[in-house]
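Note: the block below is query.txt and it holds compact mmCIF, C-alpha atoms.
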```
# COMPACT_ATOMS: atom_id res chain seq x y z
CA MET S 1 118.50 100.50 117.74
CA THR S 2 119.93 103.85 116.60
CA LYS S 3 117.83 106.76 117.83
CA THR S 4 115.18 107.62 115.25
CA LYS S 5 115.32 111.22 114.06
CA LEU S 6 112.84 111.04 111.18
CA LEU S 7 109.62 109.13 110.56
CA ILE S 8 108.40 109.20 106.94
CA CYS S 9 104.70 108.39 106.59
CA ASP S 10 102.63 107.43 103.61
CA TRP S 11 99.31 109.25 103.32
CA ALA S 12 96.17 107.33 102.20
CA GLY S 13 95.72 104.10 104.13
CA THR S 14 98.54 104.90 106.58
CA THR S 15 97.78 108.24 108.21
CA VAL S 16 94.51 109.30 106.52
CA ASP S 17 91.63 107.70 104.56
CA TYR S 18 91.01 104.48 106.52
CA GLY S 19 91.00 101.65 103.98
CA CYS S 20 92.54 103.82 101.23
CA PHE S 21 89.27 104.25 99.32
CA ALA S 22 89.74 107.53 97.44
CA PRO S 23 92.17 106.21 94.79
CA ILE S 24 90.25 102.94 94.43
CA GLN S 25 87.02 104.78 93.68
CA ALA S 26 88.69 107.02 91.09
CA LEU S 27 90.61 104.19 89.40
CA LYS S 28 87.45 102.11 89.11
CA LEU S 29 85.64 105.04 87.48
CA ALA S 30 88.51 105.51 85.02
CA PHE S 31 88.37 101.88 83.86
CA GLU S 32 84.57 101.87 83.77
CA LYS S 33 84.68 104.89 81.45
CA ALA S 34 86.86 102.76 79.15
CA ASP S 35 84.31 99.89 79.36
CA ILE S 36 86.76 97.63 81.20
CA SER S 37 85.58 95.87 84.36
CA VAL S 38 88.21 95.47 87.08
CA SER S 39 88.07 93.90 90.53
CA ASP S 40 89.00 95.59 93.80
CA GLU S 41 91.83 93.06 94.15
CA GLU S 42 93.24 94.07 90.77
CA LEU S 43 92.84 97.75 91.63
CA ARG S 44 94.69 97.39 94.92
CA GLN S 45 97.56 95.15 93.81
CA PRO S 46 99.84 98.01 92.59
CA MET S 47 98.69 100.42 95.33
CA GLY S 48 101.40 102.77 96.57
CA MET S 49 102.86 103.46 93.13
CA GLY S 50 102.49 106.77 91.35
CA LYS S 51 99.10 106.60 89.71
CA LYS S 52 100.30 106.55 86.09
CA ASP S 53 102.62 103.63 86.95
CA HIS S 54 99.69 102.05 88.78
CA ILE S 55 97.52 102.19 85.64
CA ARG S 56 100.39 100.95 83.46
CA THR S 57 100.90 97.98 85.81
CA MET S 58 97.19 97.12 85.73
CA LEU S 59 97.15 97.12 81.93
CA GLN S 60 100.00 94.59 82.00
CA MET S 61 97.95 92.16 84.13
CA PRO S 62 97.07 89.22 81.82
CA ARG S 63 93.30 89.30 82.46
CA ILE S 64 92.99 93.07 82.03
CA GLU S 65 95.28 93.09 78.98
CA ALA S 66 93.13 90.36 77.41
CA ALA S 67 89.90 92.23 78.23
CA TRP S 68 91.32 95.39 76.68
CA THR S 69 92.40 93.50 73.55
CA ASP S 70 88.95 91.91 73.23
CA THR S 71 87.24 95.29 73.60
CA TYR S 72 89.49 97.37 71.33
CA SER S 73 91.01 94.72 69.03
CA LYS S 74 94.51 95.77 70.06
CA ALA S 75 96.76 95.47 73.08
CA PRO S 76 96.84 98.48 75.41
CA ASN S 77 99.63 100.98 74.72
CA GLU S 78 101.05 104.15 76.22
CA GLU S 79 98.35 106.27 74.60
CA ASP S 80 95.79 104.20 76.51
CA VAL S 81 97.72 104.72 79.74
CA GLU S 82 97.51 108.48 79.18
CA SER S 83 93.79 108.32 78.40
CA LEU S 84 93.02 106.28 81.53
CA TYR S 85 95.21 108.54 83.62
CA SER S 86 93.33 111.59 82.35
CA ASN S 87 90.05 109.95 83.39
CA PHE S 88 91.52 108.98 86.74
CA ASN S 89 92.91 112.45 87.37
CA GLU S 90 89.53 114.05 86.72
CA ALA S 91 87.81 111.56 89.04
CA ILE S 92 90.34 111.75 91.89
CA LEU S 93 90.40 115.54 91.96
CA ASP S 94 86.63 115.49 92.33
CA THR S 95 86.73 112.68 94.92
CA LEU S 96 89.37 114.37 97.07
CA LYS S 97 87.17 117.43 97.55
CA ALA S 98 85.33 115.36 100.18
CA PRO S 99 87.09 115.92 103.53
CA GLU S 100 86.52 112.34 104.72
CA TYR S 101 89.26 111.17 102.35
CA ALA S 102 91.75 113.27 104.36
CA GLN S 103 90.40 112.27 107.76
CA PRO S 104 93.24 111.07 110.03
CA LYS S 105 93.08 107.43 111.04
CA PRO S 106 92.56 106.58 114.72
CA GLY S 107 95.58 107.35 116.88
CA VAL S 108 97.46 109.32 114.23
CA VAL S 109 97.01 112.88 115.53
CA GLU S 110 97.84 111.91 119.11
CA GLY S 111 100.71 109.68 117.98
CA ILE S 112 102.31 112.39 115.88
CA ASP S 113 102.18 114.76 118.87
CA ARG S 114 103.99 112.18 121.03
CA LEU S 115 106.64 111.62 118.37
CA ARG S 116 107.31 115.33 118.03
CA GLN S 117 107.61 115.65 121.80
CA ALA S 118 110.24 112.90 121.62
CA GLY S 119 112.22 114.95 119.08
CA ILE S 120 111.26 112.95 115.98
CA SER S 121 110.55 114.91 112.78
CA ILE S 122 107.62 113.87 110.59
CA GLY S 123 108.11 113.56 106.84
CA ALA S 124 105.80 112.10 104.20
CA SER S 125 105.78 110.54 100.75
CA THR S 126 102.84 109.61 98.54
CA GLY S 127 101.58 108.08 95.33
CA TYR S 128 99.41 111.19 94.85
CA THR S 129 100.56 114.06 92.64
CA ALA S 130 101.22 117.59 93.86
CA GLU S 131 97.87 118.71 92.40
CA MET S 132 96.07 116.03 94.40
CA MET S 133 97.99 116.89 97.56
CA GLU S 134 96.80 120.51 97.24
CA LEU S 135 93.40 119.09 98.21
CA VAL S 136 94.53 116.47 100.74
CA GLU S 137 97.06 118.42 102.82
CA PRO S 138 94.87 121.37 103.88
CA ALA S 139 91.90 119.07 104.52
CA ALA S 140 94.06 116.82 106.73
CA ALA S 141 95.52 119.85 108.53
CA ASP S 142 92.00 121.11 109.27
CA GLN S 143 91.40 117.75 110.96
CA GLY S 144 94.60 117.83 113.02
CA TYR S 145 97.25 116.08 110.91
CA ALA S 146 100.08 117.91 109.15
CA PRO S 147 103.55 116.41 108.60
CA ASP S 148 106.54 118.73 108.78
CA TYR S 149 107.38 118.06 105.12
CA SER S 150 105.84 116.05 102.30
CA VAL S 151 107.27 114.88 98.97
CA THR S 152 105.58 113.83 95.73
CA SER S 153 107.21 112.07 92.81
CA GLU S 154 107.34 115.33 90.80
CA GLN S 155 110.04 116.52 93.19
CA VAL S 156 112.27 113.53 92.36
CA GLY S 157 112.01 113.36 88.58
CA HIS S 158 108.77 111.34 88.68
CA LEU S 159 110.70 108.40 90.16
CA GLY S 160 108.09 107.43 92.72
CA ARG S 161 107.73 104.15 94.57
CA PRO S 162 109.21 101.62 94.59
CA TYR S 163 112.19 103.88 93.88
CA PRO S 164 113.65 105.29 97.12
CA TYR S 165 114.09 108.90 96.08
CA MET S 166 111.13 110.41 97.95
CA ILE S 167 112.70 109.05 101.14
CA PHE S 168 116.06 110.56 100.22
CA ALA S 169 114.38 113.90 99.48
CA ASN S 170 112.88 113.85 102.96
CA MET S 171 116.27 113.02 104.45
CA ALA S 172 117.91 115.89 102.58
CA HIS S 173 115.25 118.33 103.76
CA PHE S 174 115.77 117.39 107.41
CA GLU S 175 119.56 117.02 106.98
CA ILE S 176 119.54 113.45 108.26
CA GLU S 177 123.01 111.96 108.10
CA SER S 178 122.27 108.24 108.04
CA VAL S 179 119.48 105.91 106.87
CA ASP S 180 119.90 104.24 110.27
CA GLU S 181 118.13 107.27 111.79
CA VAL S 182 115.04 106.96 109.55
CA VAL S 183 111.85 104.88 109.73
CA LYS S 184 109.32 104.56 106.89
CA ILE S 185 105.72 103.52 107.61
CA GLY S 186 103.23 102.56 104.90
CA ASP S 187 100.28 100.29 104.21
CA THR S 188 101.15 98.62 100.89
CA LEU S 189 103.75 96.21 99.56
CA THR S 190 105.08 99.02 97.37
CA ASP S 191 105.61 101.16 100.48
CA ILE S 192 107.63 98.34 101.98
CA LYS S 193 109.77 98.06 98.85
CA GLU S 194 110.40 101.81 98.88
CA GLY S 195 111.73 101.60 102.43
CA ARG S 196 113.82 98.53 101.70
CA HIS S 197 115.35 100.11 98.60
CA ALA S 198 116.27 103.19 100.65
CA GLY S 199 117.92 101.10 103.38
CA VAL S 200 115.78 102.56 106.17
CA LEU S 201 113.72 100.60 108.71
CA SER S 202 110.72 99.69 106.56
CA CYS S 203 107.52 99.22 108.56
CA ALA S 204 103.87 98.62 107.73
CA VAL S 205 100.50 99.12 109.43
CA ILE S 206 97.61 96.69 109.08
CA GLU S 207 94.36 98.24 110.32
CA GLY S 208 92.91 100.68 107.81
CA SER S 209 95.46 99.67 105.18
CA SER S 210 94.90 99.18 101.48
CA GLU S 211 95.96 95.58 102.02
CA MET S 212 93.09 95.12 104.52
CA ALA S 213 90.69 96.89 102.11
CA LEU S 214 87.90 97.38 104.66
CA SER S 215 86.28 100.47 106.09
CA GLN S 216 86.56 100.98 109.84
CA GLU S 217 82.90 100.00 110.22
CA GLU S 218 83.39 96.80 108.21
CA PHE S 219 86.47 95.82 110.21
CA GLU S 220 84.85 96.51 113.58
CA ALA S 221 81.80 94.46 112.55
CA LEU S 222 83.99 91.33 112.31
CA SER S 223 84.27 88.98 115.26
CA ALA S 224 87.47 89.17 117.29
CA THR S 225 88.52 85.81 115.81
CA ASP S 226 87.92 86.97 112.25
CA GLN S 227 89.81 90.22 112.93
CA ASP S 228 92.81 88.31 114.27
CA GLN S 229 92.81 85.86 111.35
CA LEU S 230 92.63 88.68 108.81
CA LYS S 231 95.40 90.64 110.50
CA GLU S 232 97.64 87.59 110.67
CA LYS S 233 97.15 86.90 106.95
CA ILE S 234 98.08 90.51 106.08
CA ARG S 235 100.97 90.55 108.56
CA GLN S 236 102.53 87.50 106.89
CA LYS S 237 102.05 89.03 103.44
CA MET S 238 103.81 92.21 104.56
CA LEU S 239 106.64 90.30 106.22
CA ASP S 240 107.07 88.19 103.08
CA ALA S 241 107.38 91.45 101.12
CA GLY S 242 110.30 92.45 103.33
CA ALA S 243 108.80 94.56 106.11
CA ASP S 244 111.14 94.93 109.09
CA GLN S 245 108.22 95.50 111.48
CA VAL S 246 104.46 95.18 111.04
CA PHE S 247 102.10 96.94 113.45
CA ASP S 248 98.38 96.49 114.00
CA ARG S 249 97.80 100.23 114.48
CA PHE S 250 99.69 103.50 114.15
CA GLU S 251 99.87 103.88 117.94
CA ASP S 252 101.77 100.57 118.12
CA LEU S 253 104.46 102.11 115.90
CA VAL S 254 104.61 105.13 118.22
CA ALA S 255 105.09 102.88 121.25
CA TYR S 256 107.81 100.94 119.41
CA LEU S 257 109.72 104.13 118.63
CA ILE S 258 109.54 105.98 121.94
CA ASP S 259 108.46 103.69 124.79
```
Using structure tokens, write down the structure from this file.
Amino acid sequence: MTKTKLLICDWAGTTVDYGCFAPIQALKLAFEKADISVSDEELRQPMGMGKKDHIRTMLQMPRIEAAWTDTYSKAPNEEDVESLYSNFNEAILDTLKAPEYAQPKPGVVEGIDRLRQAGISIGASTGYTAEMMELVEPAAADQGYAPDYSVTSEQVGHLGRPYPYMIFANMAHFEIESVDEVVKIGDTLTDIKEGRHAGVLSCAVIEGSSEMALSQEEFEALSATDQDQLKEKIRQKMLDAGADQVFDRFEDLVAYLID
């Protein structure tokens, strides 16, 4: 394998916010305000996208589209996307004031230190907006995690995941010559697509991911057998989505890259 020069990390569910709960809470509140009931599975399916695209994708789901049409006597349109996004934005900015949503996941702070010592730069991309990241980044830094550079979709013409441009923006910043020198790590199927579309090594992490959708306490309360079965189910889903490598934990990625 070509020596890795740059690791690009997703934020919520990958490096911070075990289980990726901040956006789920805010999205649920946005739909509740519109009198539309949505399941956690529906909320998580588009996870990793920019949040306006996320809402747009949810409104195109047949059950949600039908529920919206029944409630408002018309199919959802772009004006409804904007209204839901406004509700979401208000909710997420309030939610992200709580520092636990920027708490680094287990092994991240120590793993990032090891990667830097090995000469690997740390970039980041996210489905959050710049305004949201103004809350997340300093709170994460206060708790020990700060990438060398982070990109939001605003910096690439709002062409967020699954488009590859946030990865390319990271590469340009670090002056990386080849995609063969870059690894992307995320926790959603959209993250995996972003990495695949960019042509980098596209990896995923299971524990604490949006795909797992459990808090650390909930996961650790499972029996070892149940943990293994759940991880295997998610691993196969991520591999089917095109992941080049799937790791149980962030520290397993670190070992893969430098040991």
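Taking CA of Pro62 (chain S) as the reference point, CA of Glu78 (chain S) is found at 16.4 Å.
Going from CA of Tyr163 (chain S) over to CA of Thr126 (chain S), you cover 11.9 Å.
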Worksheet entry | S:Glu41, S:Glu251, S:Glu131, S:Asp53 ranked by distance to Leu159 (chain S), top pick (using only C-alpha atoms) |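 So, comparing all the options, the nearest one is S:Asp53.
Of the listed residues (S:Ile120, S:Ile8, S:Ile234, S:Ala26), S:Ile234 comes nearest to Glu207 (chain S); the distances count all atoms listed in the file.
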Discussion item. Using all atoms listed in the file, list the residues that have an atom at most 12 Å from (105.0, 121.7, 108.9), coordinates as in the file, as an MDAnalysis selection string.
Written reply: chainID S and resid 112 116 121:124 137:138 141 144:150 173:174
Kindly export the residues of the current selection with C-alpha atoms, as a compact mmCIF listing (two decimals), in the coordinates of the input.
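Below is the file that was written, result06.txt:
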```txt
# COMPACT_ATOMS: atom_id res chain seq x y z
CA ILE S 112 102.31 112.39 115.88
CA ARG S 116 107.31 115.33 118.03
CA SER S 121 110.55 114.91 112.78
CA ILE S 122 107.62 113.87 110.59
CA GLY S 123 108.11 113.56 106.84
CA ALA S 124 105.80 112.10 104.20
CA GLU S 137 97.06 118.42 102.82
CA PRO S 138 94.87 121.37 103.88
CA ALA S 141 95.52 119.85 108.53
CA GLY S 144 94.60 117.83 113.02
CA TYR S 145 97.25 116.08 110.91
CA ALA S 146 100.08 117.91 109.15
CA PRO S 147 103.55 116.41 108.60
CA ASP S 148 106.54 118.73 108.78
CA TYR S 149 107.38 118.06 105.12
CA SER S 150 105.84 116.05 102.30
CA HIS S 173 115.25 118.33 103.76
CA PHE S 174 115.77 117.39 107.41
```
Worksheet item: Which residues come within 12 Å of Thr95 (chain S), counting all atoms listed in the file, excluding same-chain residues fewer than 5 positions away, as a ChimeraX atom specification?
Response: /S:17,21-27,29,88-90,100-102,132,135-136
Worksheet entry | Between CA of Tyr72 (chain S) and CA of Lys33 (chain S), distance in Å (one decimal) | 13.5 Å
Taking a cut-off of 10 Å and counting only C-alpha atoms, can you build a table that, for each residue of region 91-117 of chain S near region 238-249 of chain S, reports the nearest atom pair and how far apart they are in Å (one decimal), sorted by chain then residue number, as a Markdown table?
```
| residue | atom | partner | partner_atom | distance |
| --- | --- | --- | --- | --- |
| S:Lys105 | CA | S:Arg249 | CA | 9.3 |
| S:Pro106 | CA | S:Arg249 | CA | 8.2 |
| S:Gly107 | CA | S:Arg249 | CA | 7.8 |
| S:Val108 | CA | S:Arg249 | CA | 9.1 |
```
Worksheet entry | Exercise: region 212-227 of chain S partners within 9 Å, all atoms listed in the file, chain neighbours under 4 positions left out, as a ChimeraX atom specification | /S:18-21,40-41,44,187,206-208,231-232,234
Discussion item. Env of Asp80 (chain S): 10 Å cut, atoms = only C-alpha atoms, seq-sep filter 5 positions within chain, self excluded. Answer as a VMD selection string.
Written reply: chain S and resid 34 55 to 56 59 68 75 85 to 86
Discussion item. Is it possible to get the residues within 12 Å of (114.2, 106.7, 102.1) (coordinates as in the file, counting all atoms listed in the file) written as a PyMOL selection string?
Written reply: chain S and resi 6-10+123-125+151+160-173+176-185+191-203
Those same residues, written as a tab-separated table (two decimals), in the coordinates of the input with C-alpha atoms?
```tsv
chain	number	residue	atom	x	y	z
S	6	LEU	CA	112.84	111.04	111.18
S	7	LEU	CA	109.62	109.13	110.56
S	8	ILE	CA	108.40	109.20	106.94
S	9	CYS	CA	104.70	108.39	106.59
S	10	ASP	CA	102.63	107.43	103.61
S	123	GLY	CA	108.11	113.56	106.84
S	124	ALA	CA	105.80	112.10	104.20
S	125	SER	CA	105.78	110.54	100.75
S	151	VAL	CA	107.27	114.88	98.97
S	160	GLY	CA	108.09	107.43	92.72
S	161	ARG	CA	107.73	104.15	94.57
S	162	PRO	CA	109.21	101.62	94.59
S	163	TYR	CA	112.19	103.88	93.88
S	164	PRO	CA	113.65	105.29	97.12
S	165	TYR	CA	114.09	108.90	96.08
S	166	MET	CA	111.13	110.41	97.95
S	167	ILE	CA	112.70	109.05	101.14
S	168	PHE	CA	116.06	110.56	100.22
S	169	ALA	CA	114.38	113.90	99.48
S	170	ASN	CA	112.88	113.85	102.96
S	171	MET	CA	116.27	113.02	104.45
S	172	ALA	CA	117.91	115.89	102.58
S	173	HIS	CA	115.25	118.33	103.76
S	176	ILE	CA	119.54	113.45	108.26
S	177	GLU	CA	123.01	111.96	108.10
S	178	SER	CA	122.27	108.24	108.04
S	179	VAL	CA	119.48	105.91	106.87
S	180	ASP	CA	119.90	104.24	110.27
S	181	GLU	CA	118.13	107.27	111.79
S	182	VAL	CA	115.04	106.96	109.55
S	183	VAL	CA	111.85	104.88	109.73
S	184	LYS	CA	109.32	104.56	106.89
S	185	ILE	CA	105.72	103.52	107.61
S	191	ASP	CA	105.61	101.16	100.48
S	192	ILE	CA	107.63	98.34	101.98
S	193	LYS	CA	109.77	98.06	98.85
S	194	GLU	CA	110.40	101.81	98.88
S	195	GLY	CA	111.73	101.60	102.43
S	196	ARG	CA	113.82	98.53	101.70
S	197	HIS	CA	115.35	100.11	98.60
S	198	ALA	CA	116.27	103.19	100.65
S	199	GLY	CA	117.92	101.10	103.38
S	200	VAL	CA	115.78	102.56	106.17
S	201	LEU	CA	113.72	100.60	108.71
S	202	SER	CA	110.72	99.69	106.56
S	203	CYS	CA	107.52	99.22	108.56
```
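Non-sequential neighbours of Gln143 (chain S) (distance at most 9 Å, separation of 4 or more positions within a chain, all atoms listed in the file) are S:Pro99, S:Ala102, S:Gln103, S:Pro104, S:Val109, S:Pro138, S:Ala139.
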Provide an axis-aligned box for all listed atoms of region 151-168 of chain S, padding each side by 3 Å; report its centre and its edge lengths in Å to one decimal, as AutoDock Vina command-line options.
```
--center_x 110.8 --center_y 109.1 --center_z 94.9 --size_x 16.5 --size_y 20.9 --size_z 18.6
```
Reconstruct N, CA, C and O atoms of region 135-149 of chain S from the incomplete input and present them as an mmCIF file, in the frame of the given file.
```
data_model
loop_
_atom_site.group_PDB
_atom_site.id
_atom_site.type_symbol
_atom_site.label_atom_id
_atom_site.label_comp_id
_atom_site.auth_asym_id
_atom_site.auth_seq_id
_atom_site.Cartn_x
_atom_site.Cartn_y
_atom_site.Cartn_z
ATOM 1 N N LEU S 135 94.708 119.320 97.603
ATOM 2 C CA LEU S 135 93.400 119.090 98.210
ATOM 3 C C LEU S 135 93.539 118.330 99.535
ATOM 4 O O LEU S 135 92.855 118.644 100.515
ATOM 5 N N VAL S 136 94.427 117.339 99.564
ATOM 6 C CA VAL S 136 94.530 116.470 100.740
ATOM 7 C C VAL S 136 95.186 117.169 101.927
ATOM 8 O O VAL S 136 94.674 117.095 103.058
ATOM 9 N N GLU S 137 96.304 117.855 101.701
ATOM 10 C CA GLU S 137 97.060 118.420 102.820
ATOM 11 C C GLU S 137 96.269 119.425 103.647
ATOM 12 O O GLU S 137 96.228 119.306 104.880
ATOM 13 N N PRO S 138 95.623 120.433 103.040
ATOM 14 C CA PRO S 138 94.870 121.370 103.880
ATOM 15 C C PRO S 138 93.681 120.719 104.573
ATOM 16 O O PRO S 138 93.355 121.069 105.712
ATOM 17 N N ALA S 139 93.040 119.750 103.906
ATOM 18 C CA ALA S 139 91.900 119.070 104.520
ATOM 19 C C ALA S 139 92.354 118.237 105.720
ATOM 20 O O ALA S 139 91.668 118.181 106.753
ATOM 21 N N ALA S 140 93.510 117.588 105.607
ATOM 22 C CA ALA S 140 94.060 116.820 106.730
ATOM 23 C C ALA S 140 94.471 117.758 107.860
ATOM 24 O O ALA S 140 94.229 117.468 109.047
ATOM 25 N N ALA S 141 95.093 118.886 107.514
ATOM 26 C CA ALA S 141 95.520 119.850 108.530
ATOM 27 C C ALA S 141 94.323 120.394 109.306
ATOM 28 O O ALA S 141 94.384 120.575 110.531
ATOM 29 N N ASP S 142 93.214 120.638 108.606
ATOM 30 C CA ASP S 142 92.000 121.110 109.270
ATOM 31 C C ASP S 142 91.479 120.099 110.284
ATOM 32 O O ASP S 142 90.773 120.465 111.231
ATOM 33 N N GLN S 143 91.853 118.817 110.070
ATOM 34 C CA GLN S 143 91.400 117.750 110.960
ATOM 35 C C GLN S 143 92.492 117.288 111.926
ATOM 36 O O GLN S 143 92.347 116.267 112.596
ATOM 37 N N GLY S 144 93.603 118.053 111.980
ATOM 38 C CA GLY S 144 94.600 117.830 113.020
ATOM 39 C C GLY S 144 95.884 117.158 112.607
ATOM 40 O O GLY S 144 96.776 116.974 113.437
ATOM 41 N N TYR S 145 96.019 116.763 111.325
ATOM 42 C CA TYR S 145 97.250 116.080 110.910
ATOM 43 C C TYR S 145 97.988 116.873 109.844
ATOM 44 O O TYR S 145 97.450 117.162 108.769
ATOM 45 N N ALA S 146 99.238 117.214 110.119
ATOM 46 C CA ALA S 146 100.080 117.910 109.150
ATOM 47 C C ALA S 146 101.529 117.499 109.387
ATOM 48 O O ALA S 146 102.121 117.845 110.408
ATOM 49 N N PRO S 147 102.123 116.728 108.464
ATOM 50 C CA PRO S 147 103.550 116.410 108.600
ATOM 51 C C PRO S 147 104.393 117.666 108.464
ATOM 52 O O PRO S 147 103.923 118.696 107.969
ATOM 53 N N ASP S 148 105.640 117.580 108.878
ATOM 54 C CA ASP S 148 106.540 118.730 108.780
ATOM 55 C C ASP S 148 106.982 118.993 107.339
ATOM 56 O O ASP S 148 107.355 120.113 106.985
ATOM 57 N N TYR S 149 106.936 117.945 106.515
ATOM 58 C CA TYR S 149 107.380 118.060 105.120
ATOM 59 C C TYR S 149 106.792 116.891 104.362
ATOM 60 O O TYR S 149 106.630 115.791 104.907
#
```
